[in-house]
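Next comes final24.cif, with mmCIF, C-alpha atoms and all ligand atoms.
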data_entry
#
loop_
_atom_site.label_atom_id
_atom_site.label_comp_id
_atom_site.auth_asym_id
_atom_site.auth_seq_id
_atom_site.Cartn_x
_atom_site.Cartn_y
_atom_site.Cartn_z
CA MET J 1 -18.69 -11.60 -5.59
CA PRO J 2 -17.58 -9.68 -8.75
CA GLU J 3 -16.03 -11.84 -11.45
CA PRO J 4 -13.05 -10.60 -13.49
CA LEU J 5 -13.47 -9.82 -17.20
CA ARG J 6 -9.99 -11.11 -17.87
CA GLU J 7 -7.30 -12.97 -15.95
CA LEU J 8 -3.70 -13.41 -16.92
CA SER J 9 -0.39 -14.43 -15.48
CA THR J 10 2.67 -12.30 -16.03
CA ARG J 11 6.16 -12.39 -14.60
CA ALA J 12 4.90 -9.99 -11.87
CA GLY J 13 2.02 -12.17 -10.70
CA ARG J 14 -1.62 -12.98 -11.26
CA VAL J 15 -3.62 -10.20 -12.87
CA ARG J 16 -7.39 -9.85 -12.47
CA VAL J 17 -9.07 -7.22 -14.62
CA PHE J 18 -12.57 -6.13 -13.57
CA GLU J 19 -15.16 -4.07 -15.43
CA SER J 20 -14.65 -1.12 -13.07
CA ALA J 21 -12.49 0.13 -10.24
CA LEU J 22 -15.43 -0.42 -7.93
CA ALA J 23 -15.80 -4.09 -8.90
CA ALA J 24 -12.04 -4.63 -8.54
CA SER J 25 -12.07 -2.94 -5.13
CA SER J 26 -14.92 -5.10 -3.94
CA ALA J 27 -13.09 -8.27 -5.04
CA ALA J 28 -9.88 -7.04 -3.36
CA ALA J 29 -11.80 -6.33 -0.15
CA ASP J 30 -13.20 -9.87 -0.22
CA ARG J 31 -9.67 -11.24 -0.58
CA LEU J 32 -8.47 -9.11 2.32
CA VAL J 33 -11.30 -10.38 4.52
CA GLU J 34 -10.44 -13.95 3.58
CA VAL J 35 -6.78 -13.45 4.54
CA ILE J 36 -7.80 -11.80 7.83
CA ARG J 37 -10.11 -14.70 8.70
CA LYS J 38 -7.59 -17.38 7.79
CA SER J 39 -4.71 -15.68 9.62
CA VAL J 40 -6.77 -15.10 12.76
CA ALA J 41 -7.94 -18.73 12.66
CA SER J 42 -4.42 -20.11 12.21
CA ARG J 43 -2.32 -17.82 14.41
CA GLY J 44 -4.72 -15.71 16.43
CA ARG J 45 -4.04 -12.46 14.58
CA ALA J 46 -3.75 -10.96 11.12
CA VAL J 47 -0.89 -8.60 10.36
CA ILE J 48 -1.79 -6.38 7.45
CA GLY J 49 0.13 -3.64 5.63
CA LEU J 50 -2.13 -0.80 4.50
CA ALA J 51 -1.84 1.84 1.81
CA THR J 52 -3.38 5.28 1.39
CA GLY J 53 -4.10 7.39 -1.72
CA GLY J 54 -7.01 7.22 -4.13
CA SER J 55 -6.78 3.53 -5.08
CA PRO J 56 -7.77 1.87 -1.75
CA ILE J 57 -10.66 4.19 -0.85
CA ASN J 58 -13.35 1.85 -2.19
CA VAL J 59 -11.64 -1.14 -0.59
CA TYR J 60 -11.85 0.59 2.79
CA ARG J 61 -15.46 1.59 2.11
CA ARG J 62 -16.31 -2.06 1.52
CA LEU J 63 -14.39 -3.21 4.63
CA VAL J 64 -16.34 -0.68 6.71
CA GLU J 65 -19.62 -1.97 5.24
CA LEU J 66 -18.68 -5.56 6.08
CA HIS J 67 -17.65 -4.51 9.58
CA VAL J 68 -20.95 -2.69 10.16
CA GLN J 69 -22.84 -5.76 8.90
CA GLY J 70 -20.96 -7.90 11.43
CA GLU J 71 -19.12 -9.82 8.67
CA LEU J 72 -15.65 -8.54 9.53
CA ARG J 73 -14.11 -8.46 13.00
CA TRP J 74 -11.18 -6.06 13.35
CA ASP J 75 -10.29 -7.06 16.95
CA ASP J 76 -7.40 -9.33 15.99
CA VAL J 77 -6.01 -7.22 13.18
CA ILE J 78 -2.65 -5.54 13.59
CA SER J 79 -1.97 -2.99 10.86
CA TYR J 80 1.09 -1.15 9.63
CA ASN J 81 0.74 1.73 7.23
CA LEU J 82 3.16 1.93 4.36
CA ASP J 83 4.07 5.55 4.60
CA GLU J 84 3.64 9.05 5.98
CA TYR J 85 4.80 12.46 4.85
CA TYR J 86 7.74 13.93 6.71
CA PRO J 87 7.51 16.24 8.48
CA VAL J 88 3.79 16.39 9.15
CA ALA J 89 1.85 17.49 12.23
CA PRO J 90 -0.26 14.84 14.01
CA GLY J 91 -3.59 16.52 13.27
CA ASP J 92 -2.70 17.70 9.76
CA PRO J 93 -5.65 16.80 7.49
CA HIS J 94 -3.11 15.92 4.75
CA SER J 95 -1.41 13.34 6.92
CA TYR J 96 -1.92 9.69 6.13
CA ARG J 97 -2.91 9.27 9.77
CA ALA J 98 -5.89 11.58 9.15
CA TYR J 99 -6.69 9.67 5.94
CA MET J 100 -6.75 6.33 7.78
CA GLN J 101 -8.96 7.70 10.55
CA LYS J 102 -11.41 9.02 8.01
CA HIS J 103 -11.56 6.05 5.65
CA LEU J 104 -11.17 3.09 8.00
CA PHE J 105 -10.17 3.50 11.63
CA ASP J 106 -13.07 5.70 12.81
CA ALA J 107 -15.35 2.82 11.82
CA VAL J 108 -13.39 -0.32 12.71
CA LYS J 109 -11.88 1.24 15.86
CA PRO J 110 -8.58 -0.61 16.20
CA ALA J 111 -7.18 -0.90 19.72
CA ALA J 112 -4.75 1.93 20.49
CA ASN J 113 -1.63 -0.23 20.12
CA ARG J 114 -2.67 -2.15 17.01
CA ALA J 115 -2.78 0.37 14.17
CA HIS J 116 0.75 1.56 13.50
CA LEU J 117 1.56 4.61 11.40
CA PHE J 118 4.82 6.43 11.13
CA ASP J 119 5.02 9.55 13.25
CA GLY J 120 5.90 12.47 11.01
CA THR J 121 6.85 14.64 13.99
CA VAL J 122 9.96 12.79 15.23
CA PRO J 123 13.31 14.63 15.19
CA GLU J 124 14.99 14.34 11.82
CA SER J 125 18.00 12.56 13.26
CA PHE J 126 15.70 9.76 14.52
CA ALA J 127 13.47 9.39 11.46
CA ASN J 128 15.42 6.42 10.04
CA GLU J 129 15.62 4.86 13.47
CA GLN J 130 11.84 5.04 13.81
CA ALA J 131 11.45 3.45 10.38
CA ALA J 132 13.93 0.67 11.24
CA GLY J 133 11.79 0.05 14.33
CA PHE J 134 8.83 -0.71 12.07
CA ASP J 135 10.83 -3.42 10.26
CA ARG J 136 11.65 -4.99 13.63
CA TRP J 137 8.08 -4.73 14.93
CA ILE J 138 6.63 -6.31 11.80
CA ALA J 139 9.18 -9.14 12.01
CA ALA J 140 8.37 -9.60 15.71
CA ASP J 141 4.67 -9.81 14.80
CA GLY J 142 5.56 -12.73 12.52
CA GLY J 143 5.68 -10.75 9.26
CA LEU J 144 2.87 -9.40 7.10
CA ASP J 145 0.07 -11.79 6.18
CA LEU J 146 -0.93 -9.35 3.48
CA GLN J 147 0.42 -6.11 2.06
CA LEU J 148 -2.02 -3.83 0.22
CA LEU J 149 -0.29 -1.62 -2.37
CA GLY J 150 -1.05 1.02 -4.96
CA ILE J 151 1.42 1.96 -7.68
CA GLY J 152 2.67 5.40 -8.62
CA ARG J 153 2.74 6.68 -12.21
CA ASN J 154 6.50 6.39 -11.85
CA GLY J 155 6.19 2.78 -10.70
CA HIS J 156 6.82 3.44 -7.02
CA ILE J 157 5.46 1.15 -4.31
CA GLY J 158 5.04 2.72 -0.91
CA PHE J 159 7.46 5.60 -1.31
CA ASN J 160 10.23 3.39 -2.64
CA GLU J 161 10.99 5.74 -5.50
CA PRO J 162 12.67 4.92 -8.83
CA ASP J 163 16.45 5.21 -8.92
CA ASP J 164 19.48 3.50 -10.44
CA ALA J 165 20.59 1.37 -7.48
CA PRO J 166 21.88 -2.15 -8.17
CA LEU J 167 19.11 -4.73 -8.12
CA ALA J 168 20.28 -6.51 -4.95
CA GLU J 169 20.19 -3.20 -3.07
CA ALA J 170 16.76 -2.27 -4.46
CA LEU J 171 15.29 -5.60 -3.31
CA ALA J 172 16.64 -5.25 0.23
CA ARG J 173 15.83 -1.65 1.13
CA PRO J 174 15.01 -1.07 4.80
CA SER J 175 12.19 1.19 5.93
CA ARG J 176 13.50 4.76 5.96
CA LEU J 177 13.08 8.43 5.22
CA GLU J 178 12.94 8.89 1.43
CA ARG J 179 13.09 11.94 -0.84
CA LEU J 180 9.99 12.08 -3.05
CA HIS J 181 10.39 11.80 -6.83
CA PRO J 182 9.21 14.74 -9.02
CA ILE J 183 6.27 12.72 -10.42
CA THR J 184 5.20 11.77 -6.89
CA LEU J 185 5.26 15.44 -5.87
CA GLU J 186 3.28 16.39 -8.97
CA ASP J 187 0.61 13.75 -8.25
CA ALA J 188 0.47 14.55 -4.53
CA ALA J 189 -0.25 18.21 -5.31
CA ARG J 190 -3.93 17.38 -5.95
CA ASP J 191 -4.29 16.64 -2.21
CA PHE J 192 -2.73 20.02 -1.39
CA GLY J 193 -5.11 22.25 -3.33
CA GLY J 194 -3.09 21.75 -6.52
CA ASP J 195 -0.11 23.57 -4.99
CA GLU J 196 2.98 21.40 -5.35
CA SER J 197 5.05 23.73 -3.18
CA ARG J 198 2.93 22.67 -0.18
CA VAL J 199 3.73 18.95 -0.58
CA PRO J 200 6.36 17.75 1.94
CA ARG J 201 9.51 16.83 0.00
CA ARG J 202 10.15 13.64 1.96
CA ALA J 203 8.24 10.72 3.45
CA LEU J 204 8.79 7.79 5.77
CA THR J 205 8.21 4.52 3.96
CA ILE J 206 8.24 0.81 4.60
CA GLY J 207 11.13 -0.55 2.56
CA THR J 208 11.09 -3.15 -0.18
CA ALA J 209 12.62 -5.82 2.08
CA THR J 210 9.57 -5.90 4.36
CA ILE J 211 7.08 -5.51 1.50
CA LEU J 212 8.67 -8.40 -0.42
CA ALA J 213 8.63 -10.61 2.67
CA ALA J 214 4.81 -10.39 2.92
CA ARG J 215 3.02 -13.73 2.57
CA SER J 216 0.61 -12.17 0.08
CA VAL J 217 0.39 -8.89 -1.78
CA ILE J 218 -2.56 -7.15 -3.40
CA VAL J 219 -1.82 -4.32 -5.83
CA LEU J 220 -4.61 -1.94 -6.86
CA ALA J 221 -4.31 0.23 -9.96
CA PHE J 222 -7.04 2.07 -11.80
CA GLY J 223 -7.12 4.42 -14.77
CA ALA J 224 -5.11 4.94 -17.95
CA GLN J 225 -2.51 7.05 -16.13
CA LYS J 226 -1.22 3.84 -14.49
CA SER J 227 -1.01 1.75 -17.68
CA GLU J 228 2.59 2.61 -18.61
CA ALA J 229 3.96 1.87 -15.15
CA LEU J 230 2.01 -1.39 -15.13
CA ALA J 231 3.34 -2.38 -18.55
CA ARG J 232 6.90 -1.83 -17.25
CA ALA J 233 6.26 -3.69 -13.99
CA HIS J 234 4.80 -6.70 -15.79
CA GLY J 235 6.65 -6.81 -19.08
CA GLY J 236 9.96 -5.12 -18.39
CA ALA J 237 13.07 -6.19 -16.55
CA MET J 238 13.21 -6.28 -12.77
CA THR J 239 14.88 -2.97 -11.97
CA SER J 240 15.15 -0.26 -9.34
CA ALA J 241 14.05 2.17 -12.08
CA THR J 242 10.53 0.68 -11.73
CA PRO J 243 10.15 -0.36 -8.10
CA ALA J 244 6.89 -2.25 -8.79
CA SER J 245 8.88 -4.57 -11.08
CA LEU J 246 10.61 -5.84 -7.93
CA LEU J 247 7.37 -7.70 -7.21
CA GLN J 248 8.51 -10.08 -9.98
CA SER J 249 10.79 -11.60 -7.34
CA ILE J 250 7.71 -12.82 -5.42
CA ALA J 251 5.27 -13.21 -8.34
CA ASP J 252 3.59 -16.31 -6.89
CA ARG J 253 2.42 -14.22 -3.91
CA VAL J 254 1.14 -11.18 -5.82
CA THR J 255 -2.35 -10.50 -7.19
CA TRP J 256 -3.09 -7.36 -9.17
CA TYR J 257 -6.64 -5.91 -9.16
CA LEU J 258 -7.04 -3.63 -12.16
CA ASP J 259 -9.67 -1.89 -14.25
CA PRO J 260 -9.54 -2.17 -18.08
CA ALA J 261 -7.85 1.22 -18.57
CA ALA J 262 -4.98 0.38 -16.19
CA ALA J 263 -4.58 -3.04 -17.82
CA SER J 264 -4.65 -1.73 -21.40
CA GLY J 265 -0.88 -2.13 -21.90
CA LEU J 266 -0.67 -5.73 -20.62
CA ALA J 267 -0.36 -8.47 -23.21
CA ASP J 268 -2.22 -11.77 -22.71
C1 LIG K 1 0.27 5.37 -0.47
C2 LIG K 1 1.38 4.79 -1.22
C3 LIG K 1 1.61 5.14 -2.66
C4 LIG K 1 0.32 5.06 -3.49
C5 LIG K 1 0.58 5.38 -4.95
C6 LIG K 1 -0.69 5.40 -5.77
O1 LIG K 1 0.26 4.89 0.85
O2 LIG K 1 2.16 4.06 -0.67
O3 LIG K 1 2.58 4.28 -3.20
O4 LIG K 1 -0.21 3.77 -3.38
O5 LIG K 1 1.20 6.64 -5.05
O6 LIG K 1 -1.51 6.44 -5.33
P1 LIG K 1 -3.02 6.58 -5.81
O7 LIG K 1 -3.73 5.39 -5.28
O8 LIG K 1 -3.50 7.85 -5.16
O9 LIG K 1 -2.99 6.63 -7.29
#
Representation of the structure as structure tokens:
Amino acid sequence: MPEPLRELSTRAGRVRVFESALAASSAAADRLVEVIRKSVASRGRAVIGLATGGSPINVYRRLVELHVQGELRWDDVISYNLDEYYPVAPGDPHSYRAYMQKHLFDAVKPAANRAHLFDGTVPESFANEQAAGFDRWIAADGGLDLQLLGIGRNGHIGFNEPDDAPLAEALARPSRLERLHPITLEDAARDFGGDESRVPRRALTIGTATILAARSVIVLAFGAQKSEALARAHGGAMTSATPASLLQSIADRVTWYLDPAAASGLAD
């Protein structure tokens, strides 16, 4: 098991800094497996919130390895994905559904009714209703045992984007259709051949209320481009302008897995 180079506690949680993104991902995967095992042992299932993007790819690679080696059973895992572009066609290779198939689900083969992703094809007038359904389903499943998160350069978590809402509102956001922030669109362009005009302008996202109700949270962040957002999330005030700072409200349940470049702005 990889050991961290540095560990610290901030107002946003426990921070573990590893020598590389790969080492951090491997440690995060081990933690995920531990939560899955414990949850299945204690309540017969594990309910896990999953993220997409670049940060979790090596976590999923490791989970697939463990599954192939017979070390990780996926049979009792119920998963909910954080977000999906809207609108997006079911077979679109840019969809987060396609991403999950490629990086995890093709290998672990969840049962058809156990891996939940937003459907980016629903009529616009029902998009928020679908999202609200996810909040109810997760609650009915007994809440999330673990939520896996990345963080945007603008400090977003899921697609809860920065804004100037009052704090109480920011902490209690339901799952919904959200307009993507300019920095999110800029960063997403790399998945669309560098052409920002092809990135859908909106996305369905799990809201902060459900994320913050998770019994444990893992945040992955790698590379210098994340260091400013991390410094704000850990050292700044809790504010809707930096959605990751809202994790300060549940700091005792949050563990951050970082590489040295991402952690460079965090004071001991
Ligand atoms: C993806 C998600 C986003 C990403 C974030 C970081 O499901 O919810 O919040 O986690 O944009 O993306 P990467 O990992 O590509 O830097």
J:Arg62, J:Arg97, J:Lys38, J:Arg43: which is nearest J:Leu22, counting all atoms listed in the file? J:Arg62
In the coordinate frame of the file, compute which residues have an atom within 12 Å of (-15.5, -12.4, -1.4) when using only C-alpha atoms, and state them as number ranges by chain. J: 1-3, 23-35, 37, 59, 62-63, 66, 71-72
Test item: residues at most 12 Å from J:Ala98, only C-alpha atoms, excluding those fewer than 2 positions along its chain, as a PyMOL selection string: chain J and resi 52-53+84-85+88-96+100-106+117+119-120
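The nearest approach to ligand LIG 1 (chain K) among the residues J:Leu148, J:Ile157, J:Ile218, J:Ala203, with only C-alpha atoms and all ligand atoms taken into account, belongs to J:Ile157.
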Using all atoms of ligand LIG 1 (chain K) listed in the file and a margin of 4 Å per side, can you give the axis-aligned box centre and edge lengths in Å to one decimal, as JSON?
{"center_x": -0.6, "center_y": 5.8, "center_z": -3.2, "size_x": 14.3, "size_y": 12.1, "size_z": 16.1}
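Of the residues under consideration (J:Gly193, J:Pro174, J:Pro166, J:Gly158), J:Gly158 shows the shortest atom-to-atom contact distance to ligand LIG 1 (chain K) when counting all atoms listed in the file.
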Can you build me a table of chain J residues sitting at most 8 Å from ligand LIG 1 (chain K), with the closest atom pair per residue and its distance in Å to one decimal, using only C-alpha atoms and all ligand atoms, sorted by chain and residue number, as JSON lines?
{"residue": "J:Leu50", "atom": "CA", "partner": "K:LIG1", "partner_atom": "O1", "distance": 7.2}
{"residue": "J:Ala51", "atom": "CA", "partner": "K:LIG1", "partner_atom": "O1", "distance": 3.8}
{"residue": "J:Thr52", "atom": "CA", "partner": "K:LIG1", "partner_atom": "O1", "distance": 3.7}
{"residue": "J:Gly53", "atom": "CA", "partner": "K:LIG1", "partner_atom": "O8", "distance": 3.5}
{"residue": "J:Gly54", "atom": "CA", "partner": "K:LIG1", "partner_atom": "O8", "distance": 3.7}
{"residue": "J:Ser55", "atom": "CA", "partner": "K:LIG1", "partner_atom": "O7", "distance": 3.6}
{"residue": "J:Pro56", "atom": "CA", "partner": "K:LIG1", "partner_atom": "O7", "distance": 6.4}
{"residue": "J:Asn81", "atom": "CA", "partner": "K:LIG1", "partner_atom": "O1", "distance": 7.1}
{"residue": "J:Leu82", "atom": "CA", "partner": "K:LIG1", "partner_atom": "O1", "distance": 5.4}
{"residue": "J:Asp83", "atom": "CA", "partner": "K:LIG1", "partner_atom": "O1", "distance": 5.4}
{"residue": "J:Glu84", "atom": "CA", "partner": "K:LIG1", "partner_atom": "O1", "distance": 7.4}
{"residue": "J:Tyr96", "atom": "CA", "partner": "K:LIG1", "partner_atom": "O1", "distance": 7.5}
{"residue": "J:Leu149", "atom": "CA", "partner": "K:LIG1", "partner_atom": "O4", "distance": 5.5}
{"residue": "J:Gly150", "atom": "CA", "partner": "K:LIG1", "partner_atom": "O4", "distance": 3.3}
{"residue": "J:Ile151", "atom": "CA", "partner": "K:LIG1", "partner_atom": "C5", "distance": 4.5}
{"residue": "J:Gly152", "atom": "CA", "partner": "K:LIG1", "partner_atom": "O5", "distance": 4.1}
{"residue": "J:Arg153", "atom": "CA", "partner": "K:LIG1", "partner_atom": "O5", "distance": 7.3}
{"residue": "J:His156", "atom": "CA", "partner": "K:LIG1", "partner_atom": "O3", "distance": 5.8}
{"residue": "J:Ile157", "atom": "CA", "partner": "K:LIG1", "partner_atom": "O3", "distance": 4.4}
{"residue": "J:Gly158", "atom": "CA", "partner": "K:LIG1", "partner_atom": "O2", "distance": 3.2}
{"residue": "J:Phe159", "atom": "CA", "partner": "K:LIG1", "partner_atom": "O3", "distance": 5.4}
{"residue": "J:Asn160", "atom": "CA", "partner": "K:LIG1", "partner_atom": "O3", "distance": 7.7}
{"residue": "J:Thr184", "atom": "CA", "partner": "K:LIG1", "partner_atom": "O5", "distance": 6.8}
{"residue": "J:Asp187", "atom": "CA", "partner": "K:LIG1", "partner_atom": "O5", "distance": 7.8}
{"residue": "J:Ala188", "atom": "CA", "partner": "K:LIG1", "partner_atom": "O8", "distance": 7.8}
{"residue": "J:Thr205", "atom": "CA", "partner": "K:LIG1", "partner_atom": "O2", "distance": 7.6}
{"residue": "J:Leu220", "atom": "CA", "partner": "K:LIG1", "partner_atom": "O7", "distance": 7.5}
{"residue": "J:Ala221", "atom": "CA", "partner": "K:LIG1", "partner_atom": "O7", "distance": 7.0}
{"residue": "J:Phe222", "atom": "CA", "partner": "K:LIG1", "partner_atom": "O9", "distance": 7.6}
{"residue": "J:Lys226", "atom": "CA", "partner": "K:LIG1", "partner_atom": "O9", "distance": 7.9}
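When all atoms listed in the file are used to measure the gap to J:Gly207, the shortest distance among J:Ala262, J:Leu171, J:Ile36, J:Ile250 belongs to J:Leu171.
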Looking at J:Met238, J:Ala261, J:Leu177, J:Leu5, which one is nearest to J:Asp164, with distances taken over all atoms listed in the file? J:Met238
Applying 7 Å and all atoms listed in the file, which residues near J:Asp145 remain after dropping the ones on its own chain fewer than 2 positions away? List them as a ChimeraX atom specification. /J:46-48,143,214-216
Fewer than 5 positions away in the same chain doesn't count, so skip those; otherwise give me all residues within 9 Å of J:Leu246, counting all atoms listed in the file, as a PyMOL selection string. chain J and resi 12+167+170-171+208+212+233+237-240
For the selection just defined, write its residues with C-alpha atoms to a file, as an mmCIF file, keeping the file's coordinate frame.
data_model
loop_
_atom_site.group_PDB
_atom_site.id
_atom_site.type_symbol
_atom_site.label_atom_id
_atom_site.label_comp_id
_atom_site.auth_asym_id
_atom_site.auth_seq_id
_atom_site.Cartn_x
_atom_site.Cartn_y
_atom_site.Cartn_z
ATOM 1 C CA ALA J 12 4.900 -9.990 -11.870
ATOM 2 C CA LEU J 167 19.110 -4.730 -8.120
ATOM 3 C CA ALA J 170 16.760 -2.270 -4.460
ATOM 4 C CA LEU J 171 15.290 -5.600 -3.310
ATOM 5 C CA THR J 208 11.090 -3.150 -0.180
ATOM 6 C CA LEU J 212 8.670 -8.400 -0.420
ATOM 7 C CA ALA J 233 6.260 -3.690 -13.990
ATOM 8 C CA ALA J 237 13.070 -6.190 -16.550
ATOM 9 C CA MET J 238 13.210 -6.280 -12.770
ATOM 10 C CA THR J 239 14.880 -2.970 -11.970
ATOM 11 C CA SER J 240 15.150 -0.260 -9.340
#
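Among J:Glu186, J:Asp268, J:Asp141, J:Asp259, the residue with the shortest atom-to-atom distance to J:Val77, counting only C-alpha atoms, is J:Asp141.
With atom CA of J:Phe134 on one side and atom CA of J:Val219 on the other, the separation reads 21.1 Å.
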